[in-house]
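Below is one structure, written out as structure tokens; the observations come after it.
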Amino acid sequence: AGFGNADLVTDEVLEFSNNFYANIKEQSTGMHAFELLVNKNSGAISLEPGPNMMWNTKYGMMGGSGGMMGNWYGDTHSGNATISPEQAKQYAQSYLDQYDKATKAGDADPFYGYYTLETLKDGKTSGMLSVNAYSGQVWYHTWHGLFIQTRANP
């Protein structure tokens, strides 16, 4: 509601020990728009840091006309992603294999300019990471803490 865009809906909410994570989606396109964090103590809502702010080409700080900075920084990647969801999952798995071969990359949710994937241990969510849709760079979400539960389509 704060964005004034009735097309945006909450797709899923994940509870972690440090915060709640909300994935916001565009109803008209089915595209994941951006990610929010909800402070568990105060209820304060903020944009998730990292890829959501830096790589999001539509709603991020340096994104296009919908972004926080407008076109001030320029929208350097306004075209289609050059990395597919399957390739993003491969980049994510390669990254995870360096640290813990027991952790697996989940499916890649497409956002504007990047993908976000849940990490899985024994088939259960254990964390999250993002992969840049143009460079393949991986950014692990260190701020969530331990995974508690998921609520799809609240």
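Identifiers in this document derive from the order of the structure tokens: chains are assigned A, B, ..., residues are numbered from 1 separately in each chain, and ligands are numbered from 1 in order of occurrence.
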Among the residues of chain A, find those DSSP assigns to strand (DSSP E or B) from the backbone and print them as a PyMOL selection string. chain A and resi 8-16+19-26+32-39+45-47+103-111+114-121+124-132+138-140+147-152
Residues within 10 Å of Ser135 (chain A), only C-alpha atoms, excluding chain neighbours under 3 positions, as an MDAnalysis selection string: chainID A and resid 81:83 88 113:114 131:132 138
I'd like the contact shell of Ala1 (chain A) - 12 Å cut-off, only C-alpha atoms, skipping same-chain residues fewer than 5 positions apart - returned as a list in words.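 So, after excluding close chain neighbours, the residues are Ala6, Asp7, Leu8, Val9, Thr10 and Ile24 of chain A.
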Neighbour list for Glu48 (chain A) as a list in words, cut-off 7 Å, only C-alpha atoms, skip fewer than 6 positions in-chain: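 After dropping sequence-adjacent residues, the list is Glu35, Leu36 and Leu37 of chain A.
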Contacts of Leu14 (chain A) at 9 Å (only C-alpha atoms; same-chain gap of 3+ positions) as a list of chain:residue names: A:Asn19, A:Phe20, A:Tyr21, A:Ala22, A:Asn23, A:Phe147, A:Ile148, A:Gln149, A:Thr150, A:Arg151, A:Ala152
Just the number, please: distance in Å from CA of Ala33 (chain A) to CA of Lys58 (chain A), one decimal.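 CA of Lys58 (chain A) lies 7.8 Å from CA of Ala33 (chain A).
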Residue contacts of Pro110 (chain A) (9 Å, only C-alpha atoms) excluding same-chain residues fewer than 2 positions away, as a PDB file with C-alpha atoms, in the first residue's frame:
```pdb
ATOM      1  CA  MET A  31       7.064 -11.201 -11.772  1.00  0.00           C
ATOM      2  CA  HIS A  32       8.628 -10.887  -8.339  1.00  0.00           C
ATOM      3  CA  ALA A  33       8.943  -7.148  -7.696  1.00  0.00           C
ATOM      4  CA  PRO A  85      16.836 -19.403 -13.804  1.00  0.00           C
ATOM      5  CA  ALA A 108      15.354 -19.430  -8.664  1.00  0.00           C
ATOM      6  CA  TYR A 112      14.024  -7.539 -12.067  1.00  0.00           C
ATOM      7  CA  GLY A 113      17.797  -7.931 -12.497  1.00  0.00           C
ATOM      8  CA  TYR A 114      18.397 -10.899 -10.223  1.00  0.00           C
ATOM      9  CA  TYR A 115      17.108 -14.171  -8.823  1.00  0.00           C
ATOM     10  CA  THR A 116      16.555 -15.129  -5.190  1.00  0.00           C
ATOM     11  CA  ALA A 133      20.781 -12.005 -13.699  1.00  0.00           C
TER      12      ALA A 133
END
```
Quick one: distance from CA of Gly145 (chain A) to CA of Asn18 (chain A) in Å, one decimal?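 Distance reported for this atom pair: 5.3 Å.
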